[in-house]
Structures are given as C-alpha cells and as structure tokens.
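As provided, upload.cif (mmCIF, C-alpha atoms) reads as follows.
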data_start
loop_
_atom_site.label_atom_id
_atom_site.label_comp_id
_atom_site.auth_asym_id
_atom_site.auth_seq_id
_atom_site.Cartn_x
_atom_site.Cartn_y
_atom_site.Cartn_z
CA MET A 1 110.72 67.64 61.99
CA ALA A 2 113.19 69.80 63.91
CA TYR A 3 112.55 70.39 67.59
CA LYS A 4 113.57 72.89 70.23
CA LYS A 5 114.22 71.54 73.72
CA PHE A 6 114.38 73.64 76.89
CA GLN A 7 115.41 72.68 80.41
CA SER A 8 115.76 74.98 83.41
CA ASN A 9 115.64 75.10 87.21
CA HIS A 10 111.85 75.03 87.10
CA LEU A 11 109.19 74.58 84.44
CA PHE A 12 105.79 76.18 84.96
CA THR A 13 103.09 74.54 82.86
CA GLY A 14 100.43 77.22 83.34
CA LYS A 15 99.07 75.40 86.38
CA LYS A 16 101.95 73.52 88.04
CA LEU A 17 105.58 74.31 88.85
CA LEU A 18 107.74 71.32 87.87
CA ASP A 19 111.35 70.72 88.84
CA HIS A 20 114.57 70.72 86.81
CA THR A 21 114.18 67.13 85.63
CA HIS A 22 111.57 68.12 83.04
CA VAL A 23 112.24 69.19 79.43
CA LEU A 24 109.89 71.24 77.27
CA ILE A 25 109.79 70.32 73.58
CA THR A 26 108.42 72.59 70.83
CA ASP A 27 108.67 72.57 67.07
CA GLU A 28 110.57 75.28 65.19
CA GLN A 29 107.51 77.56 65.22
CA GLY A 30 107.00 77.22 68.98
CA VAL A 31 104.06 74.79 68.92
CA ILE A 32 104.16 72.64 72.06
CA GLN A 33 104.98 68.98 71.41
CA ASP A 34 105.51 67.54 74.88
CA ILE A 35 106.98 67.80 78.38
CA VAL A 36 109.19 64.82 79.16
CA GLN A 37 111.69 63.64 81.75
CA GLU A 38 115.27 64.58 80.90
CA GLN A 39 116.30 60.95 80.25
CA GLU A 40 113.67 60.78 77.51
CA ALA A 41 114.60 64.07 75.82
CA GLY A 42 117.62 62.97 73.81
CA GLY A 43 120.30 65.46 72.79
CA ASP A 44 120.43 69.15 71.87
CA VAL A 45 118.69 70.32 75.05
CA GLN A 46 119.16 74.04 75.88
CA LYS A 47 120.03 74.17 79.58
CA LEU A 48 119.01 77.46 81.18
CA GLU A 49 118.86 79.17 84.57
CA GLY A 50 115.49 80.34 85.83
CA ILE A 51 111.82 79.43 85.36
CA LEU A 52 110.45 78.35 81.99
CA SER A 53 106.92 79.70 81.57
CA PRO A 54 104.26 80.10 78.89
CA GLY A 55 104.14 83.60 77.41
CA LEU A 56 102.97 86.27 79.84
CA PHE A 57 99.80 88.37 79.74
CA ASN A 58 99.43 92.04 80.62
CA CYS A 59 95.69 92.40 81.28
CA HIS A 60 95.71 96.15 81.87
CA CYS A 61 97.82 98.66 79.99
CA HIS A 62 97.45 102.11 78.40
CA LEU A 63 99.78 102.06 75.40
CA GLU A 64 98.57 105.55 74.47
CA LEU A 65 100.14 106.95 77.66
CA SER A 66 103.63 105.58 76.98
CA HIS A 67 104.94 109.12 76.48
CA MET A 68 103.99 109.97 80.10
CA GLN A 69 106.97 108.18 81.64
CA GLU A 70 108.35 110.14 84.63
CA ARG A 71 106.01 113.07 83.88
CA ILE A 72 103.68 112.60 86.86
CA PRO A 73 105.16 112.58 90.39
CA PRO A 74 104.26 109.50 92.47
CA GLY A 75 102.21 109.45 95.65
CA GLY A 76 99.65 112.16 94.91
CA GLY A 77 96.54 109.98 95.02
CA LEU A 78 94.10 109.10 92.27
CA THR A 79 92.30 112.41 91.72
CA SER A 80 95.62 114.27 91.53
CA PHE A 81 96.92 111.65 89.10
CA ILE A 82 93.87 111.94 86.81
CA THR A 83 94.09 115.73 86.90
CA ALA A 84 97.78 115.57 85.99
CA VAL A 85 97.07 113.25 83.04
CA MET A 86 94.40 115.65 81.78
CA LYS A 87 96.49 118.80 82.23
CA THR A 88 99.95 117.61 81.19
CA ALA A 89 100.85 119.20 77.86
CA PRO A 90 100.71 116.57 75.10
CA ALA A 91 103.96 115.40 73.60
CA PRO A 92 104.50 115.89 69.84
CA GLU A 93 102.82 113.20 67.75
CA ALA A 94 106.15 111.75 66.59
CA ASP A 95 107.31 111.42 70.19
CA ARG A 96 104.07 109.70 71.19
CA GLU A 97 104.41 107.27 68.32
CA THR A 98 108.02 106.49 69.23
CA ALA A 99 107.08 105.96 72.87
CA MET A 100 104.33 103.49 71.92
CA LYS A 101 106.68 101.55 69.64
CA ASN A 102 109.31 101.38 72.39
CA ALA A 103 106.73 100.22 74.94
CA GLU A 104 105.42 97.55 72.56
CA ARG A 105 108.95 96.30 71.94
CA GLU A 106 109.75 96.24 75.66
CA MET A 107 106.70 94.11 76.38
CA TYR A 108 107.44 91.77 73.47
CA ASP A 109 111.08 91.30 74.46
CA ASN A 110 110.27 90.48 78.08
CA GLY A 111 107.83 87.78 77.07
CA ILE A 112 104.40 89.40 76.98
CA VAL A 113 102.30 87.70 74.32
CA ALA A 114 98.92 89.39 74.88
CA VAL A 115 97.77 92.75 76.24
CA GLY A 116 94.41 94.04 77.41
CA ASP A 117 94.93 97.62 76.33
CA ILE A 118 92.88 100.74 77.05
CA SER A 119 92.31 102.96 74.02
CA ASN A 120 90.64 106.37 74.14
CA ASN A 121 91.33 107.05 70.47
CA THR A 122 92.90 105.39 67.41
CA SER A 123 96.45 106.66 67.94
CA SER A 124 97.78 103.21 68.86
CA LEU A 125 96.48 101.49 65.73
CA GLN A 126 99.64 101.85 63.67
CA THR A 127 101.84 100.33 66.39
CA LYS A 128 99.40 97.51 67.10
CA SER A 129 98.84 96.63 63.45
CA LYS A 130 102.55 95.81 63.06
CA SER A 131 102.94 94.05 66.41
CA PRO A 132 103.28 90.27 66.93
CA VAL A 133 101.62 90.76 70.32
CA TYR A 134 97.90 89.94 70.63
CA TRP A 135 95.95 93.10 71.51
CA HIS A 136 92.53 92.98 73.16
CA ASN A 137 91.44 96.59 72.69
CA PHE A 138 89.27 98.10 75.39
CA LEU A 139 87.76 101.26 73.87
CA GLU A 140 87.22 103.35 76.96
CA VAL A 141 84.19 105.62 77.28
CA THR A 142 83.97 108.58 79.65
CA ASN A 143 80.67 110.46 79.68
CA LEU A 144 78.84 111.98 82.65
CA ASP A 145 75.83 113.28 80.71
CA ASP A 146 72.88 110.99 80.01
CA SER A 147 71.76 113.37 77.26
CA ARG A 148 74.98 112.69 75.32
CA ALA A 149 75.08 108.93 75.87
CA GLU A 150 73.85 107.85 72.43
CA GLU A 151 76.08 110.38 70.67
CA LYS A 152 79.11 109.23 72.65
CA ILE A 153 78.48 105.55 72.05
CA ALA A 154 77.98 106.19 68.32
CA CYS A 155 81.48 107.73 68.19
CA PHE A 156 82.95 104.71 69.90
CA LEU A 157 81.13 102.30 67.61
CA THR A 158 82.84 104.08 64.72
CA MET A 159 86.15 103.70 66.54
CA GLU A 160 85.43 100.01 67.16
CA ALA A 161 84.87 99.54 63.42
CA ALA A 162 88.25 101.19 62.71
CA PHE A 163 89.99 98.85 65.17
CA ASN A 164 88.29 95.77 63.73
CA GLU A 165 89.20 96.81 60.19
CA THR A 166 92.86 97.51 60.98
CA ILE A 167 93.35 94.71 63.53
CA PRO A 168 90.76 92.18 62.36
CA PRO A 169 89.25 89.31 64.37
CA PRO A 170 90.11 87.01 66.05
CA ARG A 171 91.72 89.94 67.86
CA GLN A 172 88.95 91.60 69.82
CA SER A 173 87.75 95.11 70.52
CA ALA A 174 85.02 96.15 72.95
CA ILE A 175 83.49 99.37 74.20
CA VAL A 176 84.06 99.65 77.95
CA PRO A 177 83.34 102.13 80.77
CA HIS A 178 86.23 104.04 82.30
CA ALA A 179 85.04 104.04 85.92
CA SER A 180 81.99 104.43 88.12
CA TYR A 181 82.70 108.13 88.70
CA SER A 182 83.06 109.02 85.00
CA VAL A 183 80.15 107.23 83.30
CA SER A 184 76.46 108.16 83.47
CA PRO A 185 73.64 105.62 84.01
CA ALA A 186 72.39 105.86 80.41
CA THR A 187 75.93 105.35 79.14
CA PHE A 188 76.32 102.26 81.32
CA HIS A 189 73.04 100.86 79.97
CA LEU A 190 74.16 101.32 76.36
CA ILE A 191 77.57 99.76 77.01
CA ASN A 192 75.78 96.76 78.51
CA GLU A 193 73.68 96.38 75.35
CA TYR A 194 76.69 96.51 73.01
CA THR A 195 78.92 94.07 74.93
CA GLN A 196 76.90 90.88 75.20
CA GLY A 197 79.23 87.93 75.75
CA LYS A 198 82.36 90.08 75.42
CA THR A 199 85.34 90.60 77.70
CA ILE A 200 85.26 94.15 79.06
CA THR A 201 87.01 96.07 81.80
CA ILE A 202 86.51 98.90 84.30
CA HIS A 203 88.71 100.77 86.76
CA ASN A 204 87.37 99.71 90.15
CA GLN A 205 87.90 101.17 93.65
CA GLU A 206 91.36 102.54 92.93
CA SER A 207 90.88 105.13 95.68
CA ALA A 208 88.91 105.43 98.90
CA GLY A 209 87.28 108.53 97.42
CA GLU A 210 85.26 106.43 94.97
CA ASP A 211 83.30 104.72 97.73
CA GLU A 212 82.97 107.98 99.66
CA LEU A 213 81.51 109.66 96.59
CA PHE A 214 78.76 107.11 96.06
CA THR A 215 78.06 106.37 99.70
CA ASN A 216 77.91 109.94 101.03
CA GLY A 217 78.39 112.36 98.13
CA THR A 218 81.58 113.65 99.76
CA GLY A 219 85.33 113.36 99.36
CA PRO A 220 88.11 114.35 96.96
CA PHE A 221 86.06 113.83 93.80
CA LEU A 222 84.06 116.97 94.62
CA SER A 223 87.17 119.08 94.09
CA PHE A 224 88.02 117.07 90.99
CA TYR A 225 84.59 117.72 89.46
CA LYS A 226 84.85 121.40 90.30
CA GLY A 227 88.22 121.49 88.56
CA ILE A 228 86.69 120.21 85.33
CA GLY A 229 83.85 122.71 85.46
CA ARG A 230 81.16 120.68 87.20
CA SER A 231 79.51 122.94 89.76
CA ALA A 232 76.89 120.32 90.70
CA LEU A 233 77.56 116.68 91.56
CA PRO A 234 77.25 114.86 88.19
CA ILE A 235 76.53 111.42 89.66
CA ALA A 236 73.71 110.19 91.89
CA VAL A 237 74.57 109.22 95.45
CA SER A 238 73.48 105.59 95.83
CA GLY A 239 74.26 105.01 99.49
CA LYS A 240 76.29 101.97 98.38
CA SER A 241 79.92 101.36 97.54
CA SER A 242 81.20 102.16 94.08
CA LEU A 243 81.33 98.51 93.05
CA GLN A 244 77.81 97.79 94.32
CA THR A 245 76.60 100.83 92.36
CA TRP A 246 78.03 100.02 88.93
CA LEU A 247 78.04 96.20 88.76
CA PRO A 248 74.23 95.75 88.39
CA TYR A 249 74.34 97.59 85.06
CA PHE A 250 75.84 94.44 83.49
CA THR A 251 73.44 91.65 82.62
CA LYS A 252 74.55 90.26 79.24
CA GLY A 253 76.94 87.43 80.06
CA GLN A 254 80.05 89.62 79.96
CA THR A 255 83.44 88.68 81.33
CA ILE A 256 84.46 91.72 83.38
CA LEU A 257 87.99 92.62 84.45
CA LEU A 258 87.80 94.74 87.60
CA VAL A 259 91.06 96.66 87.58
CA HIS A 260 92.99 97.78 90.69
CA ASN A 261 90.54 96.91 93.53
CA THR A 262 92.88 98.67 95.93
CA TYR A 263 90.08 99.58 98.34
CA THR A 264 87.70 96.68 97.69
CA SER A 265 86.19 95.36 100.92
CA GLU A 266 85.25 91.82 101.87
CA GLU A 267 81.60 92.86 101.73
CA ASP A 268 82.11 94.04 98.15
CA ILE A 269 83.83 90.81 97.13
CA LEU A 270 80.99 88.72 98.57
CA TYR A 271 78.42 90.94 96.83
CA ALA A 272 80.22 90.87 93.47
CA ASN A 273 80.80 87.13 93.41
CA ASP A 274 77.20 86.44 94.38
CA TYR A 275 75.87 88.86 91.75
CA ALA A 276 78.07 87.30 89.07
CA GLN A 277 76.85 83.81 89.87
CA ARG A 278 73.19 84.88 89.81
CA SER A 279 73.53 87.01 86.68
CA GLY A 280 75.61 84.76 84.45
CA ILE A 281 78.62 87.03 84.19
CA SER A 282 82.27 86.22 84.95
CA LEU A 283 84.58 88.35 87.07
CA PHE A 284 88.36 88.62 87.05
CA TYR A 285 90.12 90.86 89.55
CA CYS A 286 93.08 92.52 87.82
CA LEU A 287 95.89 93.69 90.11
CA CYS A 288 98.47 96.32 89.07
CA PRO A 289 100.67 96.48 92.19
CA ASN A 290 103.40 98.80 90.90
CA ALA A 291 100.81 101.34 89.76
CA ASN A 292 98.91 101.07 93.06
CA LEU A 293 102.10 101.86 94.97
CA TYR A 294 102.96 104.67 92.55
CA ILE A 295 99.59 106.43 92.82
CA GLU A 296 98.13 105.59 96.24
CA ASN A 297 101.04 103.82 98.01
CA LYS A 298 98.64 100.98 98.86
CA LEU A 299 98.13 97.43 97.64
CA PRO A 300 94.85 95.54 97.11
CA PRO A 301 93.52 92.98 99.63
CA VAL A 302 95.09 89.89 98.06
CA ASP A 303 94.30 87.81 101.14
CA LEU A 304 90.58 88.51 100.82
CA LEU A 305 90.54 87.78 97.09
CA LEU A 306 92.18 84.41 97.76
CA LYS A 307 89.91 83.70 100.72
CA HIS A 308 86.87 84.00 98.47
CA GLN A 309 88.41 82.11 95.54
CA CYS A 310 88.39 85.06 93.16
CA ASN A 311 89.86 84.80 89.70
CA ILE A 312 92.98 87.00 89.73
CA VAL A 313 94.97 88.37 86.78
CA LEU A 314 97.74 90.96 86.54
CA GLY A 315 98.54 94.14 84.62
CA THR A 316 101.10 96.93 84.53
CA ASP A 317 98.91 100.00 83.93
CA SER A 318 100.74 102.67 81.93
CA TYR A 319 104.10 104.41 81.93
CA GLY A 320 102.28 107.30 83.59
CA SER A 321 102.08 105.23 86.78
CA ASN A 322 104.84 102.65 86.35
CA ARG A 323 108.57 102.70 85.75
CA GLN A 324 108.55 99.58 83.57
CA LEU A 325 106.12 97.35 81.67
CA SER A 326 107.26 94.04 83.10
CA MET A 327 105.06 91.25 84.38
CA ALA A 328 108.06 89.80 86.22
CA SER A 329 108.24 93.05 88.20
CA GLU A 330 104.51 92.89 89.05
CA MET A 331 104.89 89.30 90.28
CA SER A 332 108.00 90.23 92.26
CA VAL A 333 106.19 93.04 94.10
CA LEU A 334 103.36 90.72 95.07
CA LEU A 335 105.76 88.02 96.33
CA GLN A 336 107.67 90.60 98.38
CA HIS A 337 104.61 92.16 100.01
CA PHE A 338 102.50 89.03 100.47
CA PRO A 339 104.76 86.25 101.82
CA PHE A 340 101.89 83.75 101.82
CA LEU A 341 101.89 83.77 98.00
CA SER A 342 103.82 81.15 96.04
CA PRO A 343 105.60 81.60 92.70
CA ALA A 344 103.15 79.13 91.14
CA GLN A 345 100.18 81.29 92.16
CA VAL A 346 101.44 84.53 90.64
CA LEU A 347 102.65 82.72 87.53
CA GLN A 348 99.19 81.26 87.04
CA TRP A 349 97.66 84.72 87.36
CA THR A 350 99.72 86.06 84.48
CA THR A 351 99.42 82.97 82.24
CA SER A 352 96.46 80.57 82.29
CA ASN A 353 94.13 82.80 84.35
CA SER A 354 94.78 85.74 82.05
CA ALA A 355 94.32 83.61 78.95
CA ALA A 356 90.87 82.67 80.24
CA ALA A 357 90.05 86.31 81.00
CA LEU A 358 90.87 87.37 77.43
CA GLN A 359 89.22 84.25 75.98
CA LEU A 360 92.52 82.90 74.64
CA GLN A 361 92.68 79.72 76.72
CA ASN A 362 92.52 77.48 73.64
CA GLU A 363 95.64 79.10 72.17
CA LYS A 364 97.85 80.48 74.93
CA GLY A 365 98.47 80.50 78.66
CA SER A 366 99.75 76.93 79.17
CA PHE A 367 102.15 74.33 77.83
CA GLU A 368 99.73 71.88 76.21
CA LYS A 369 100.34 69.89 73.04
CA GLY A 370 99.24 71.81 69.96
CA LYS A 371 99.21 75.25 71.59
CA LYS A 372 101.58 78.06 70.62
CA PRO A 373 101.73 80.04 73.89
CA GLY A 374 105.24 81.46 73.63
CA VAL A 375 108.12 80.40 75.86
CA VAL A 376 109.59 82.79 78.42
CA LEU A 377 112.52 82.51 80.81
CA ILE A 378 111.96 84.26 84.14
CA ALA A 379 114.74 84.81 86.67
CA ASP A 380 114.35 82.72 89.82
CA ASP A 381 114.01 85.93 91.84
CA PHE A 382 111.56 87.43 89.30
CA SER A 383 113.95 90.30 88.64
CA ALA A 384 113.66 89.93 84.85
CA SER A 385 112.15 87.92 82.02
CA GLN A 386 113.02 87.32 78.39
CA ARG A 387 111.32 85.79 75.39
CA LEU A 388 112.79 82.53 74.09
CA VAL A 389 110.15 81.64 71.48
#
Let me see the file written as structure tokens.
Amino acid sequence: MAYKKFQSNHLFTGKKLLDHTHVLITDEQGVIQDIVQEQEAGGDVQKLEGILSPGLFNCHCHLELSHMQERIPPGGGLTSFITAVMKTAPAPEADRETAMKNAEREMYDNGIVAVGDISNNTSSLQTKSKSPVYWHNFLEVTNLDDSRAEEKIACFLTMEAAFNETIPPPRQSAIVPHASYSVSPATFHLINEYTQGKTITIHNQESAGEDELFTNGTGPFLSFYKGIGRSALPIAVSGKSSLQTWLPYFTKGQTILLVHNTYTSEEDILYANDYAQRSGISLFYCLCPNANLYIENKLPPVDLLLKHQCNIVLGTDSYGSNRQLSMASEMSVLLQHFPFLSPAQVLQWTTSNSAAALQLQNEKGSFEKGKKPGVVLIADDFSASQRLV
C-alpha cells in the first residue's frame, strides 16, 4: 500500500497541538493510518511550513447569498442588514449560480470539508449535488402568523424531501427556525415536532434589539416590522430575553447550534445550559466573528462562554456579511481580539467540536486511524489555509 506522509511546524490532532517531530501518515485516499515520531516515519516525508490540521468545518453559512458580496455596506446594525437583504434587487439566476459555485470552490480549496448551510429555497441544490463538501442543510423557516404555521411547514417538508432526494442521506437536512423575532409560537411548536434527535440551528441574540423586543416590546424591530407592513407587534412580549423566550420550545433531544450570540449575557448562558441539561438537548454556540464585526461591530462574550464550559463552534455567515469564506480568517480574528485564547482552542472549535455538532465525529474532525477527515495546512499566523488531501 502506498502512503502519504506529512510533517510541519505543528500537527493538530483535533484535540492536541503536537510539535514538529511528529509525522502524519495517510493512505492514497486520505484515510488516517498513524501519527509517528519522525525517526519512525521512513522516507518520502513531505516537509511543510505551518500547522497540519484535520479538515475544517464551517457551521454557519448562507450559500444562497453568495451573490451579495460587497452589496451591503458594513456597520449598519442587524435590522438595517436584514432590510437590505430583503430589498436588494436579485441578481440574474446565472450570476447567482456562478457565485454559489465560486463560493463552494473557495471553501473546498481552503480546506473546508463540511458546511452547516442555511437554505431558504432549493436554488443551491445543483451546486451542492456536485460538491465533494459535506452539506448539512438547514431549511430555514420564517413565519410570524400562527394561522399559517401548518401551511408553511408543509412547504418546507416538501423542500426537505427534494433535498433528501437530490443529496441523499447520510447527508442531513432539517427544518429550522430563522430567529426568535421571525417565527410564531405555533411554528416553533411544529418545528420541534419535526426535528426530534436532529441537529438544528437558530440565529440567536445577534443584536441588542432582540432582547429589547421580547423584554419590553420596544427597540429597532418596531421600525423593521412597520417597514414590512406590520402595523401591530407580531410577537408576544415575554418579559424575558430572546434566548429565554425561544429555547423552551425545544424538547425533543435536538442538538441546537445557537448562531452569533453577540449579545448573550451570563444569565442567559447559565439559563440555557441548565435548561439543556434538564431537557436532554445539546447546545453548541456558533461564533461568526467577521460577520459580527461587519454588521454590529461587536464580538460575542467568548470569555463567558469559556467560563461556563460551553461547546463552541465557528462559521463564516454569508458573503453578504463577510469578505471571505475562510475558517482561518475566523480563527485569526478571535486570536487577535481575545489574547487569552490559544491556537489549539480555536482549532478544536472548527474541527472536532464542529464534527460533534454536525454528528460527523465518527468520520471527520480528528486524525484517528480509519477516519478520512481531510488534511489541511494552515499558516502559522492563520492568514491562510489550503487543502492537502
């Protein structure tokens, strides 16, 4: 059997950062055979500069919005961003398709092996069906009217069937809620019923206005609702934070990716982790630092998430709120802004933690014998990454 052998400045296993004396060995197809000391590796070792890592995960992306690159000015805040997405004239279908293909290729080339991708329609199916990347498709529901909940969910069940037919299992699809401020109670209840045991996702506390809306019935979302023709407040004021309002809808053993968490408080983290433990659900906090800076110019409370031993994963969000789709860039931003973080921590978030979040831990996310996780070379300063296998 022919082998490939890789040696670099550092080797990250998915859990530990090893030094330059270690050599990674795979077969020709990229299946992991072993990690050995250099004196045991024999000849034909590829000597590289950087960090060898298992393939990277992007746990939050919107491939459908790839055509939005540079079309929305940064720094306007979440409600302005959402309004701009809704009102920006759509690009021609051919241009949208080209943009999705280019985005898929960019992610593949820089070492992303799996994506948790938001889909509002089936437009991304053609690109995904031809992609070597693993796609976990989050079919995102927005519906503020309880009276339309069953009708809306029925449409998304049809869409789920189309995804499963075109991109069959083991690749997964799941119906998911967009956010607390865009989904009605009845819709939440139905989503809970249809997602037992699945990995799902929700945009969580991306702006201060979300908590203000549910706590007091005030804030920037009032103007947003008025702009979309809602003269009366379409959600009930709970007197609680956004997270404490929506989380109790989920009771069916789901794994939930809470995305952004830019304004999540310590009280919310304590509440969420306690609720998850009592209710038999699993929580992963997905950070998208470049998008947070682009939209709100604020980063999530990483220190608090670490303090309370939260499971953390990373994503890029879309080209509407990011200038690249690079996990190396997301890790670099976190290391620059939070000096207490180590390279091993952020690498774990975008490899083994993310594999667990997307239920791929038996196949990807770490260098373990028999797995085929992909092999990526990341620059020591996290300025770039490239696929090796």
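Taking all atoms listed in the file into account, A:Leu347 lies nearest to A:Thr13 out of the set A:Thr13, A:Ser8, A:Asn102, A:Thr201.
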Please report, as a Markdown table, each residue of stretch 109-144 of chain A lying at most 9 Å from stretch 310-324 of chain A, together with the nearest pair of atoms and the separation in Å rounded to one decimal; use all atoms listed in the file, and order rows by chain and ascending residue number.
| residue | atom | partner | partner_atom | distance |
| --- | --- | --- | --- | --- |
| A:Val115 | CA | A:Gly315 | CA | 8.5 |
| A:Gly116 | CA | A:Gly315 | CA | 8.3 |
| A:Asp117 | CA | A:Asp317 | CA | 8.9 |
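Residue neighbourhood of A:Ser329, excluding near-sequence residues (fewer than 5 positions): Pro289, Asn290, Thr316, Arg323, Gln324, Leu334, Leu335, Asp381, Phe382, Ser383, Ala384 and Ser385 of chain A, at 10 Å, using only C-alpha atoms.
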Check: Hey, what's within 7 Å of A:Phe6 if we count all atoms listed in the file and toss same-chain stuff fewer than 5 positions away? As a ChimeraX atom specification, please?
Finding: /A:23-25,45-47
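Of the listed residues A:Ile72, A:Ala186, A:Leu222, A:Val133, the one whose atoms come nearest to A:Pro373 is A:Val133, with distances taken using all atoms listed in the file.
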Margin query: (77.8, 99.1, 96.0) in this file's frame - what residues fall within 12 Å of it? Use all atoms listed in the file and give the answer as an NGL selection string.
Written below: :A and (180 or 204-205 or 210-216 or 237-249 or 264-272 or 275)
Could those residues be written to a file, using C-alpha atoms, as a PDB file, in the frame of the given file?
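For reference, part-v9.pdb as written:
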ATOM      1  CA  SER A 180      81.990 104.430  88.120  1.00  0.00           C
ATOM      2  CA  ASN A 204      87.370  99.710  90.150  1.00  0.00           C
ATOM      3  CA  GLN A 205      87.900 101.170  93.650  1.00  0.00           C
ATOM      4  CA  GLU A 210      85.260 106.430  94.970  1.00  0.00           C
ATOM      5  CA  ASP A 211      83.300 104.720  97.730  1.00  0.00           C
ATOM      6  CA  GLU A 212      82.970 107.980  99.660  1.00  0.00           C
ATOM      7  CA  LEU A 213      81.510 109.660  96.590  1.00  0.00           C
ATOM      8  CA  PHE A 214      78.760 107.110  96.060  1.00  0.00           C
ATOM      9  CA  THR A 215      78.060 106.370  99.700  1.00  0.00           C
ATOM     10  CA  ASN A 216      77.910 109.940 101.030  1.00  0.00           C
ATOM     11  CA  VAL A 237      74.570 109.220  95.450  1.00  0.00           C
ATOM     12  CA  SER A 238      73.480 105.590  95.830  1.00  0.00           C
ATOM     13  CA  GLY A 239      74.260 105.010  99.490  1.00  0.00           C
ATOM     14  CA  LYS A 240      76.290 101.970  98.380  1.00  0.00           C
ATOM     15  CA  SER A 241      79.920 101.360  97.540  1.00  0.00           C
ATOM     16  CA  SER A 242      81.200 102.160  94.080  1.00  0.00           C
ATOM     17  CA  LEU A 243      81.330  98.510  93.050  1.00  0.00           C
ATOM     18  CA  GLN A 244      77.810  97.790  94.320  1.00  0.00           C
ATOM     19  CA  THR A 245      76.600 100.830  92.360  1.00  0.00           C
ATOM     20  CA  TRP A 246      78.030 100.020  88.930  1.00  0.00           C
ATOM     21  CA  LEU A 247      78.040  96.200  88.760  1.00  0.00           C
ATOM     22  CA  PRO A 248      74.230  95.750  88.390  1.00  0.00           C
ATOM     23  CA  TYR A 249      74.340  97.590  85.060  1.00  0.00           C
ATOM     24  CA  THR A 264      87.700  96.680  97.690  1.00  0.00           C
ATOM     25  CA  SER A 265      86.190  95.360 100.920  1.00  0.00           C
ATOM     26  CA  GLU A 266      85.250  91.820 101.870  1.00  0.00           C
ATOM     27  CA  GLU A 267      81.600  92.860 101.730  1.00  0.00           C
ATOM     28  CA  ASP A 268      82.110  94.040  98.150  1.00  0.00           C
ATOM     29  CA  ILE A 269      83.830  90.810  97.130  1.00  0.00           C
ATOM     30  CA  LEU A 270      80.990  88.720  98.570  1.00  0.00           C
ATOM     31  CA  TYR A 271      78.420  90.940  96.830  1.00  0.00           C
ATOM     32  CA  ALA A 272      80.220  90.870  93.470  1.00  0.00           C
ATOM     33  CA  TYR A 275      75.870  88.860  91.750  1.00  0.00           C
TER      34      TYR A 275
END
